[in-house]
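Colleague: My structure is in run10.cif, and what it holds is mmCIF, C-alpha atoms (C1' of nucleotides):
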```cif
data_upload
#
loop_
_atom_site.label_atom_id
_atom_site.label_comp_id
_atom_site.auth_asym_id
_atom_site.auth_seq_id
_atom_site.Cartn_x
_atom_site.Cartn_y
_atom_site.Cartn_z
CA MET A 1 44.34 -3.09 5.82
CA LYS A 2 44.18 -3.12 9.62
CA ARG A 3 40.46 -2.42 9.90
CA THR A 4 39.55 -5.55 7.96
CA GLU A 5 41.61 -7.74 10.26
CA PHE A 6 40.11 -6.11 13.31
CA ILE A 7 36.60 -6.89 12.17
CA LEU A 8 37.45 -10.43 11.15
CA GLN A 9 39.14 -10.94 14.47
CA SER A 10 36.10 -9.91 16.42
CA LEU A 11 33.91 -12.11 14.27
CA ARG A 12 36.16 -15.06 14.98
CA GLN A 13 36.04 -14.33 18.68
CA ASN A 14 32.30 -14.50 18.58
CA GLY A 15 32.31 -17.93 17.05
CA HIS A 16 31.74 -16.92 13.45
CA ARG A 17 33.80 -18.39 10.66
CA ILE A 18 36.06 -16.53 8.32
CA THR A 19 35.20 -17.48 4.81
CA LYS A 20 36.26 -16.28 1.43
CA ALA A 21 32.88 -14.61 0.96
CA ARG A 22 32.90 -12.90 4.31
CA ARG A 23 36.40 -11.59 3.84
CA ALA A 24 35.66 -10.31 0.33
CA LEU A 25 32.46 -8.65 1.51
CA ILE A 26 34.06 -6.81 4.37
CA LYS A 27 36.97 -5.66 2.27
CA ALA A 28 34.59 -4.42 -0.39
CA LEU A 29 32.49 -2.64 2.20
CA LEU A 30 35.53 -0.93 3.64
CA ARG A 31 36.57 0.18 0.20
CA THR A 32 33.34 2.11 -0.51
CA LYS A 33 32.72 5.56 0.86
CA GLN A 34 28.98 5.44 0.20
CA PRO A 35 26.21 3.10 1.27
CA VAL A 36 25.96 0.18 -1.15
CA ALA A 37 23.16 -2.14 -2.17
CA ALA A 38 23.59 -5.91 -2.17
CA LEU A 39 23.51 -6.24 -5.93
CA GLU A 40 25.95 -3.40 -6.38
CA LEU A 41 28.33 -5.01 -3.96
CA HIS A 42 27.91 -8.35 -5.66
CA ALA A 43 28.79 -6.82 -8.99
CA ARG A 44 31.94 -5.20 -7.61
CA ILE A 45 33.12 -8.35 -5.92
CA SER A 46 32.45 -10.41 -9.01
CA LYS A 47 34.47 -7.97 -11.09
CA SER A 48 37.44 -8.60 -8.82
CA LYS A 49 37.41 -12.29 -9.81
CA VAL A 50 36.04 -13.46 -6.47
CA ALA A 51 33.08 -15.72 -7.18
CA ILE A 52 30.37 -15.51 -4.58
CA ASP A 53 26.67 -15.89 -5.06
CA ARG A 54 24.15 -13.06 -5.01
CA VAL A 55 22.25 -14.83 -2.28
CA THR A 56 25.33 -15.03 -0.11
CA VAL A 57 25.74 -11.29 -0.37
CA TYR A 58 22.16 -10.72 0.79
CA ARG A 59 22.50 -13.17 3.62
CA GLU A 60 25.86 -11.90 4.69
CA LEU A 61 24.80 -8.27 4.73
CA LYS A 62 21.84 -9.13 6.86
CA PHE A 63 24.08 -11.08 9.17
CA LEU A 64 26.59 -8.26 9.42
CA ALA A 65 23.78 -5.85 10.17
CA ASP A 66 22.44 -8.13 12.90
CA ILE A 67 25.76 -8.17 14.69
CA GLY A 68 26.28 -4.46 14.14
CA VAL A 69 29.25 -4.54 11.80
CA VAL A 70 27.29 -2.70 9.16
CA HIS A 71 24.38 -0.31 9.41
CA PRO A 72 21.37 -0.50 7.10
CA VAL A 73 20.76 2.70 5.19
CA ASN A 74 17.37 3.52 3.74
CA LEU A 75 17.08 6.25 1.19
CA LYS A 76 14.01 7.22 -0.74
CA ASP A 77 14.35 4.63 -3.49
CA ASN A 78 13.41 1.67 -1.37
CA ILE A 79 16.58 -0.22 -2.08
CA GLN A 80 18.37 -1.58 0.94
CA ARG A 81 21.87 -0.24 1.32
CA TYR A 82 24.52 -0.81 3.93
CA GLU A 83 27.64 0.88 5.17
CA ILE A 84 30.38 -0.10 7.59
CA ALA A 85 29.26 1.04 11.04
CA PRO A 86 31.35 3.88 12.39
CA VAL A 87 33.22 3.26 15.63
CA SER A 88 30.46 4.94 17.57
CA GLY A 89 27.10 6.41 16.70
CA HIS A 90 25.79 6.37 13.19
CA LYS A 91 26.00 8.41 10.03
CA HIS A 92 23.64 10.76 8.26
CA HIS A 93 23.60 11.37 4.55
CA LEU A 94 23.18 14.07 2.00
CA VAL A 95 21.84 12.60 -1.20
CA CYS A 96 21.87 14.21 -4.61
CA THR A 97 18.49 13.35 -6.08
CA ALA A 98 19.88 13.79 -9.58
CA CYS A 99 23.10 11.74 -9.67
CA LYS A 100 22.41 9.73 -6.51
CA THR A 101 25.76 10.64 -4.99
CA VAL A 102 25.75 10.28 -1.23
CA LYS A 103 27.90 12.28 1.14
CA ASN A 104 28.26 11.57 4.81
CA VAL A 105 27.44 14.53 7.01
CA ASN A 106 27.96 15.21 10.66
CA VAL A 107 24.88 15.87 12.70
CA ALA A 108 24.88 16.46 16.41
CA CYS A 109 22.46 13.72 17.31
CA ALA A 110 22.63 14.82 20.91
CA ASP A 111 20.25 17.62 20.00
CA LEU A 112 17.83 15.09 18.67
CA HIS A 113 18.01 13.05 21.82
CA ASN A 114 16.24 15.73 23.80
CA LEU A 115 13.54 15.78 21.20
CA GLU A 116 13.32 11.99 21.30
CA ALA A 117 12.86 12.02 25.05
CA LEU A 118 10.08 14.53 24.65
CA LEU A 119 8.38 12.59 21.88
CA GLY A 120 8.68 9.42 23.88
CA LYS A 121 6.99 10.96 26.86
CA LYS A 122 4.27 12.61 24.83
CA ASN A 123 3.40 9.51 22.82
CA ASN A 124 4.13 6.88 25.40
CA PHE A 125 6.83 5.34 23.25
CA ILE A 126 10.31 4.17 23.98
CA VAL A 127 12.27 5.86 21.23
CA ARG A 128 15.21 3.71 20.22
CA GLU A 129 16.58 5.27 17.07
CA HIS A 130 16.03 7.78 14.37
CA SER A 131 16.85 8.20 10.76
CA LEU A 132 17.68 11.60 9.36
CA GLU A 133 18.64 12.04 5.75
CA PHE A 134 18.96 15.09 3.56
CA TYR A 135 18.13 15.38 -0.10
CA GLY A 136 19.11 17.98 -2.63
CA LEU A 137 21.36 18.71 -5.56
CA CYS A 138 25.13 18.48 -5.59
CA ALA A 139 27.27 21.20 -7.13
CA HIS A 140 27.62 19.21 -10.30
CA CYS A 141 23.90 18.68 -10.82
CA ALA A 142 22.56 22.00 -9.60
CA MET B 1 -16.66 15.10 3.73
CA LYS B 2 -15.52 18.62 2.88
CA ARG B 3 -11.83 17.86 2.52
CA THR B 4 -12.44 15.31 -0.21
CA GLU B 5 -14.44 17.78 -2.24
CA PHE B 6 -11.81 20.43 -1.79
CA ILE B 7 -9.12 18.17 -3.18
CA LEU B 8 -11.29 16.95 -6.05
CA GLN B 9 -12.16 20.53 -6.84
CA SER B 10 -8.57 21.57 -7.13
CA LEU B 11 -7.80 18.56 -9.28
CA ARG B 12 -10.64 19.49 -11.59
CA GLN B 13 -9.39 23.04 -11.80
CA ASN B 14 -6.04 21.78 -12.94
CA GLY B 15 -7.54 19.83 -15.78
CA HIS B 16 -7.57 16.42 -14.14
CA ARG B 17 -10.59 14.20 -14.32
CA ILE B 18 -12.64 12.96 -11.46
CA THR B 19 -13.01 9.24 -11.79
CA LYS B 20 -14.45 6.57 -9.60
CA ALA B 21 -10.95 5.35 -8.81
CA ARG B 22 -9.61 8.76 -7.99
CA ARG B 23 -12.50 9.56 -5.73
CA ALA B 24 -12.27 6.24 -3.91
CA LEU B 25 -8.53 6.62 -3.48
CA ILE B 26 -8.72 10.07 -2.00
CA LYS B 27 -11.53 9.15 0.32
CA ALA B 28 -9.62 6.11 1.49
CA LEU B 29 -6.48 8.17 2.00
CA LEU B 30 -8.38 10.71 4.05
CA ARG B 31 -9.82 7.95 6.17
CA THR B 32 -6.45 6.58 7.30
CA LYS B 33 -4.41 8.21 10.05
CA GLN B 34 -1.22 6.42 9.10
CA PRO B 35 0.86 6.23 5.94
CA VAL B 36 -0.45 3.43 3.72
CA ALA B 37 1.12 1.28 1.04
CA ALA B 38 -0.46 0.85 -2.37
CA LEU B 39 -1.42 -2.76 -1.82
CA GLU B 40 -2.86 -2.01 1.58
CA LEU B 41 -4.97 0.75 0.12
CA HIS B 42 -6.05 -1.47 -2.72
CA ALA B 43 -7.19 -4.11 -0.26
CA ARG B 44 -9.21 -1.60 1.74
CA ILE B 45 -10.88 -0.12 -1.29
CA SER B 46 -11.68 -3.54 -2.68
CA LYS B 47 -13.27 -4.51 0.60
CA SER B 48 -15.63 -1.55 0.26
CA LYS B 49 -17.02 -3.05 -2.97
CA VAL B 50 -15.31 -0.51 -5.20
CA ALA B 51 -13.50 -2.43 -7.92
CA ILE B 52 -10.32 -0.77 -9.04
CA ASP B 53 -7.16 -2.41 -10.24
CA ARG B 54 -3.93 -2.72 -8.25
CA VAL B 55 -2.08 -0.98 -11.03
CA THR B 56 -4.44 1.96 -10.93
CA VAL B 57 -3.68 2.40 -7.26
CA TYR B 58 0.05 2.48 -7.94
CA ARG B 59 -0.33 4.89 -10.81
CA GLU B 60 -2.74 7.11 -8.98
CA LEU B 61 -0.61 7.35 -5.87
CA LYS B 62 2.37 8.33 -7.95
CA PHE B 63 0.27 10.90 -9.73
CA LEU B 64 -1.09 12.33 -6.49
CA ALA B 65 2.44 12.53 -5.15
CA ASP B 66 3.63 14.35 -8.27
CA ILE B 67 1.03 17.04 -7.86
CA GLY B 68 1.60 17.24 -4.12
CA VAL B 69 -1.73 15.93 -2.87
CA VAL B 70 0.00 13.11 -1.05
CA HIS B 71 3.48 12.81 0.38
CA PRO B 72 5.59 9.69 -0.06
CA VAL B 73 6.71 8.17 3.22
CA ASN B 74 9.70 5.89 3.44
CA LEU B 75 10.19 3.78 6.51
CA LYS B 76 12.81 1.16 7.10
CA ASP B 77 11.01 -1.68 5.39
CA ASN B 78 11.47 -0.40 1.87
CA ILE B 79 7.80 -0.36 1.10
CA GLN B 80 6.47 2.82 -0.42
CA ARG B 81 3.78 4.44 1.66
CA TYR B 82 1.82 7.63 1.20
CA GLU B 83 -0.18 10.00 3.32
CA ILE B 84 -2.39 12.96 2.55
CA ALA B 85 -0.16 16.02 2.52
CA PRO B 86 -0.82 18.38 5.42
CA VAL B 87 -1.92 21.90 4.57
CA SER B 88 1.64 23.11 4.97
CA GLY B 89 4.94 21.47 5.64
CA HIS B 90 5.27 17.76 6.10
CA LYS B 91 4.92 15.16 8.79
CA HIS B 92 7.36 13.11 10.79
CA HIS B 93 6.65 9.70 12.23
CA LEU B 94 7.23 7.59 15.24
CA VAL B 95 7.19 3.94 14.27
CA CYS B 96 6.79 0.99 16.59
CA THR B 97 9.24 -1.57 15.28
CA ALA B 98 7.21 -4.36 16.84
CA CYS B 99 3.61 -3.75 15.77
CA LYS B 100 4.41 -1.30 12.96
CA THR B 101 2.04 1.30 14.29
CA VAL B 102 2.87 4.78 13.08
CA LYS B 103 2.14 7.97 14.97
CA ASN B 104 2.52 11.41 13.54
CA VAL B 105 4.75 13.67 15.58
CA ASN B 106 5.40 17.36 15.51
CA VAL B 107 8.94 18.42 14.86
CA ALA B 108 10.07 22.00 14.55
CA CYS B 109 11.65 21.66 11.14
CA ALA B 110 12.76 25.26 11.38
CA ASP B 111 15.59 24.10 13.61
CA LEU B 112 16.67 21.70 10.93
CA HIS B 113 16.68 24.42 8.32
CA ASN B 114 19.62 26.13 9.95
CA LEU B 115 21.45 22.86 9.90
CA GLU B 116 20.51 22.33 6.29
CA ALA B 117 21.89 25.70 5.30
CA LEU B 118 25.12 24.83 7.06
CA LEU B 119 25.37 21.41 5.45
CA GLY B 120 24.62 22.92 2.08
CA LYS B 121 27.39 25.41 2.40
CA LYS B 122 29.87 22.90 3.72
CA ASN B 123 29.19 20.29 1.07
CA ASN B 124 28.37 22.54 -1.81
CA PHE B 125 24.87 21.13 -2.06
CA ILE B 126 21.50 22.72 -2.47
CA VAL B 127 19.53 21.01 0.26
CA ARG B 128 15.91 20.63 -0.76
CA GLU B 129 14.36 18.34 1.77
CA HIS B 130 14.96 16.01 4.64
CA SER B 131 13.43 12.93 6.08
CA LEU B 132 13.36 12.41 9.81
CA GLU B 133 11.71 9.38 11.31
CA PHE B 134 11.82 7.88 14.77
CA TYR B 135 11.73 4.21 15.69
CA GLY B 136 11.00 2.55 18.96
CA LEU B 137 8.42 0.61 20.91
CA CYS B 138 4.90 1.72 21.64
CA ALA B 139 3.38 1.35 25.09
CA HIS B 140 1.63 -1.82 24.07
CA CYS B 141 4.75 -3.54 22.74
CA ALA B 142 7.34 -2.33 25.23
"C1'" DA C 1 42.12 -36.31 10.34
"C1'" DT C 2 37.22 -36.18 11.78
"C1'" DA C 3 33.03 -34.59 13.27
"C1'" DT C 4 29.99 -30.94 13.62
"C1'" DT C 5 27.99 -27.01 12.61
"C1'" DT C 6 28.11 -22.88 9.95
"C1'" DA C 7 28.16 -20.89 5.55
"C1'" DT C 8 27.49 -21.35 0.55
"C1'" DG C 9 25.43 -22.19 -4.01
"C1'" DC C 10 21.78 -23.04 -7.09
"C1'" DA C 11 17.06 -23.05 -8.40
"C1'" DA C 12 12.94 -21.46 -7.75
"C1'" DA C 13 9.58 -18.72 -5.19
"C1'" DT C 14 7.85 -14.37 -3.52
"C1'" DC C 15 6.70 -9.57 -3.11
"C1'" DA C 16 6.42 -4.90 -4.58
"C1'" DT C 17 6.23 -2.32 -8.44
"C1'" DT C 18 6.31 -1.23 -13.53
"C1'" DT C 19 5.25 -1.46 -18.49
"C1'" DG C 20 2.74 -2.24 -22.90
"C1'" DC C 21 -1.24 -2.06 -25.06
"C1'" DA C 22 -5.91 -2.10 -26.07
"C1'" DT C 23 -10.24 -0.28 -24.07
"C1'" DT C 24 -13.02 2.75 -21.48
"C1'" DT C 25 -14.62 7.09 -19.93
"C1'" DA C 26 -14.78 12.01 -18.18
"C1'" DG C 27 -15.83 16.31 -19.58
"C1'" DG C 28 -15.52 20.16 -23.00
"C1'" DG C 29 -17.54 21.67 -27.16
"C1'" DA C 30 -20.70 21.23 -31.50
"C1'" DT D 1 -27.62 15.69 -25.95
"C1'" DC D 2 -24.14 13.49 -28.71
"C1'" DC D 3 -19.43 13.33 -30.05
"C1'" DC D 4 -14.54 13.75 -29.76
"C1'" DT D 5 -10.23 13.42 -27.66
"C1'" DA D 6 -7.15 13.10 -24.19
"C1'" DA D 7 -6.80 11.14 -19.87
"C1'" DA D 8 -7.49 7.22 -17.06
"C1'" DT D 9 -8.18 2.29 -16.49
"C1'" DG D 10 -7.68 -2.74 -16.70
"C1'" DC D 11 -5.39 -6.87 -17.74
"C1'" DA D 12 -1.42 -9.57 -18.67
"C1'" DA D 13 2.99 -9.98 -18.43
"C1'" DA D 14 7.65 -8.18 -17.30
"C1'" DT D 15 10.95 -6.52 -14.07
"C1'" DG D 16 13.80 -6.00 -10.01
"C1'" DA D 17 14.93 -6.74 -5.40
"C1'" DT D 18 14.95 -9.96 -2.00
"C1'" DT D 19 13.89 -14.57 0.22
"C1'" DT D 20 13.51 -19.60 0.89
"C1'" DG D 21 14.44 -24.62 0.58
"C1'" DC D 22 17.54 -27.86 0.33
"C1'" DA D 23 21.52 -30.33 -0.59
"C1'" DT D 24 26.62 -29.54 -0.58
"C1'" DA D 25 30.99 -27.55 0.86
"C1'" DA D 26 34.20 -26.12 3.97
"C1'" DA D 27 35.83 -23.73 8.50
"C1'" DT D 28 37.11 -24.76 13.14
"C1'" DA D 29 37.34 -27.34 17.68
"C1'" DT D 30 38.82 -31.89 19.21
#
```
The structure given in the file should be rewritten as structure tokens.
Modeller:
Amino acid sequence: MKRTEFILQSLRQNGHRITKARRALIKALLRTKQPVAALELHARISKSKVAIDRVTVYRELKFLADIGVVHPVNLKDNIQRYEIAPVSGHKHHLVCTACKTVKNVNVACADLHNLEALLGKKNNFIVREHSLEFYGLCAHCA
Amino acid sequence: MKRTEFILQSLRQNGHRITKARRALIKALLRTKQPVAALELHARISKSKVAIDRVTVYRELKFLADIGVVHPVNLKDNIQRYEIAPVSGHKHHLVCTACKTVKNVNVACADLHNLEALLGKKNNFIVREHSLEFYGLCAHCA
DNA sequence: ATATTTATGCAAATCATTTGCATTTAGGGA
DNA sequence: TCCCTAAATGCAAATGATTTGCATAAATAT
């Protein structure tokens, strides 16, 4: 459980408080291997006898995203999900459109960065980020 | 106004009816250069004195997406947008996170297809599609 | 222990989208 | 042209995710 403490530590150092809700949220986030929605997370936490409000989960996730502890993930169903931010960079996903299972995949974003520079120049934009997700059918659903 | 007629024609040929709502929707969709949300589209159509219901817009957009006339576009705000499907392939977008302007950009998806094949093999998935969007600041907002 | 400020809970609002159902209407055929 | 039937529409109300307002609780520095 070292990762949890590391995150809490850095929160504390930045003047944020360590509360029951925050601790439960981060632990729950670390436990999941897939991006989770606020309500999903709230359900899981509730099941583990920790009582925190739905609204707190929404607020906390947004807060954690603001400070970069979690990354927002947007798939095609227009539900906001989050995942613990990796140590560096960001993740890409492979989503089964049938069972909704999400797998993390490695993509060499460096290749995209050239493209981004090009697009930026061509369109007079400063390109800051990209989102790249893959959709298909997992072995089980195919 | 040839494109409109072409689309209506092909709808007719597939046994779908040409209604006032459908015609207005398609014309409105062809008029916009950026992905539009249902409510946005409804507002525009209403402004042009054509009275069609919000619900009809939602239903129609979903229908048009099902038959491939429009493509759903998902950006980071979890609002469902649509755009007229290009003759072949699909579009990618460059979104200004400040003013929300969306520009279409050309991406050689062929490069991604190699990657998709690889990911599919590695994860035992059948990869069907991808979504790749870019975010940044336009010249005006930078 | 106390003050101060951050974080939480509860209720209610909001926003996008969907559903049920009764009514209208496009378009093929008599 | 009129009618028939399925397809499309409109209206009202439901749903689901997310947000907001406000008063309270509780985490830390002093």
Colleague: Residues of chain B that have any atom at most 10 Å from an atom of chain A: could you tabulate them with the shortest-distance atom pair and the distance in Å to one decimal, using all atoms listed in the file, ordered by chain and increasing number, as a Markdown table?
Modeller:
```
| residue | atom | partner | partner_atom | distance |
| --- | --- | --- | --- | --- |
| B:Pro72 | CA | A:Lys76 | CA | 8.8 |
| B:Val73 | CA | A:Lys76 | CA | 8.4 |
| B:Asn74 | CA | A:Lys76 | CA | 6.1 |
| B:Leu75 | CA | A:Asn74 | CA | 7.7 |
| B:Lys76 | CA | A:Asn74 | CA | 6.1 |
| B:Asp77 | CA | A:Asn78 | CA | 7.9 |
| B:Asn78 | CA | A:Asn78 | CA | 4.3 |
| B:Ile79 | CA | A:Asn78 | CA | 6.5 |
| B:Gln80 | CA | A:Asn78 | CA | 7.1 |
| B:His93 | CA | A:His130 | CA | 9.8 |
| B:Leu94 | CA | A:Val127 | CA | 8.0 |
| B:Val95 | CA | A:Val127 | CA | 8.8 |
| B:Cys96 | CA | A:Phe125 | CA | 8.0 |
| B:Thr97 | CA | A:Arg128 | CA | 9.4 |
| B:Lys103 | CA | A:Asn123 | CA | 8.1 |
| B:Asn104 | CA | A:Asn123 | CA | 9.5 |
| B:Val105 | CA | A:Leu119 | CA | 7.4 |
| B:Asn106 | CA | A:Leu119 | CA | 8.5 |
| B:Val107 | CA | A:Leu115 | CA | 8.3 |
| B:Ala108 | CA | A:Leu115 | CA | 9.7 |
| B:Leu115 | CA | A:Val107 | CA | 8.3 |
| B:Glu116 | CA | A:Phe134 | CA | 7.9 |
| B:Leu119 | CA | A:Val105 | CA | 7.4 |
| B:Gly120 | CA | A:Gly136 | CA | 8.8 |
| B:Lys122 | CA | A:Val105 | CA | 9.3 |
| B:Asn123 | CA | A:Cys138 | CA | 8.0 |
| B:Asn124 | CA | A:Ala139 | CA | 5.6 |
| B:Phe125 | CA | A:Cys138 | CA | 4.4 |
| B:Ile126 | CA | A:Leu137 | CA | 5.1 |
| B:Val127 | CA | A:Gly136 | CA | 4.2 |
| B:Arg128 | CA | A:Gly136 | CA | 4.6 |
| B:Glu129 | CA | A:Tyr135 | CA | 5.1 |
| B:His130 | CA | A:Phe134 | CA | 4.2 |
| B:Ser131 | CA | A:Glu133 | CA | 5.3 |
| B:Leu132 | CA | A:Leu132 | CA | 4.4 |
| B:Glu133 | CA | A:Ser131 | CA | 5.3 |
| B:Phe134 | CA | A:His130 | CA | 4.2 |
| B:Tyr135 | CA | A:Glu129 | CA | 5.2 |
| B:Gly136 | CA | A:Val127 | CA | 4.2 |
| B:Leu137 | CA | A:Ile126 | CA | 5.1 |
| B:Cys138 | CA | A:Phe125 | CA | 4.4 |
| B:Ala139 | CA | A:Phe125 | CA | 5.6 |
| B:His140 | CA | A:Phe125 | CA | 8.9 |
| B:Cys141 | CA | A:Phe125 | CA | 9.1 |
| B:Ala142 | CA | A:Ile126 | CA | 7.3 |
```
Colleague: Region 8-20 of chain D, all listed atoms, 5 Å padding on each side: what axis-aligned box centre and edge lengths in Å to one decimal come out, as AutoDock Vina command-line options?
Modeller:
```
--center_x 3.4 --center_y -6.2 --center_z -8.9 --size_x 33.1 --size_y 36.8 --size_z 29.6
```
Colleague: Using all atoms listed in the file, which protein or nucleic acid residues come within 9 Å of region 21-25 of chain C? Drop anything in the same chain fewer than 5 positions from it, and give the result as a list in words.
Modeller: Thr19 of chain B; DA7, DA8, DT9 and DG10 of chain D
Colleague: Restrict the calculation to all atoms listed in the file, then for each residue of chain C with any atom at most 12 Å from an atom of chain A give the closest atom pair and their distance in Å to one decimal, rows by chain and rising residue number, as JSON lines.
Modeller:
```
{"residue": "C:DT5", "atom": "C1'", "partner": "A:Arg17", "partner_atom": "CA", "distance": 10.6}
{"residue": "C:DT6", "atom": "C1'", "partner": "A:Arg17", "partner_atom": "CA", "distance": 7.3}
{"residue": "C:DA7", "atom": "C1'", "partner": "A:Thr19", "partner_atom": "CA", "distance": 7.9}
{"residue": "C:DT8", "atom": "C1'", "partner": "A:Thr56", "partner_atom": "CA", "distance": 6.7}
{"residue": "C:DG9", "atom": "C1'", "partner": "A:Asp53", "partner_atom": "CA", "distance": 6.5}
{"residue": "C:DC10", "atom": "C1'", "partner": "A:Asp53", "partner_atom": "CA", "distance": 8.9}
{"residue": "C:DA11", "atom": "C1'", "partner": "A:Val55", "partner_atom": "CA", "distance": 11.5}
{"residue": "C:DA16", "atom": "C1'", "partner": "A:Asn78", "partner_atom": "CA", "distance": 10.1}
{"residue": "C:DT17", "atom": "C1'", "partner": "A:Asn78", "partner_atom": "CA", "distance": 10.8}
```
Colleague: For chain D against chain A, which residues fall within 12 Å using all atoms listed in the file, given as a list in words?
Modeller: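 The contacting residues on chain D are DG16, DA17, DT18, DT19, DT20, DA25, DA26, DA27, DT28 and DA29 of chain D.
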Colleague: Those same residues - C-alpha atoms (C1' of nucleotides) - I'd like them written as an mmCIF file, keeping the file's coordinate frame.
Modeller:
```
data_model
loop_
_atom_site.group_PDB
_atom_site.id
_atom_site.type_symbol
_atom_site.label_atom_id
_atom_site.label_comp_id
_atom_site.auth_asym_id
_atom_site.auth_seq_id
_atom_site.Cartn_x
_atom_site.Cartn_y
_atom_site.Cartn_z
ATOM 1 C "C1'" DG D 16 13.800 -6.000 -10.010
ATOM 2 C "C1'" DA D 17 14.930 -6.740 -5.400
ATOM 3 C "C1'" DT D 18 14.950 -9.960 -2.000
ATOM 4 C "C1'" DT D 19 13.890 -14.570 0.220
ATOM 5 C "C1'" DT D 20 13.510 -19.600 0.890
ATOM 6 C "C1'" DA D 25 30.990 -27.550 0.860
ATOM 7 C "C1'" DA D 26 34.200 -26.120 3.970
ATOM 8 C "C1'" DA D 27 35.830 -23.730 8.500
ATOM 9 C "C1'" DT D 28 37.110 -24.760 13.140
ATOM 10 C "C1'" DA D 29 37.340 -27.340 17.680
#
```
Colleague: Can you list what the PyMOL selection byres ((chain C and resi 19) around 8) grabs from this structure, as a ChimeraX atom specification?
Modeller: /C:18,20 /D:14
Colleague: Quick one: which residues end up in the PyMOL selection byres ((chain B and resi 33) around 10) for this structure, as a list in words?
Modeller: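 Expected selection for the PyMOL selection byres ((chain B and resi 33) around 10) here is Leu29, Leu30, Arg31, Thr32, Gln34, Pro35, Val36, Glu83, Ile84, Val102, Lys103 and Asn104 of chain B.
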Colleague: Which value, in Å to one decimal, gives the distance between CA of Ala85 (chain B) and CA of Gly68 (chain B)?
Modeller: 7.0 Å
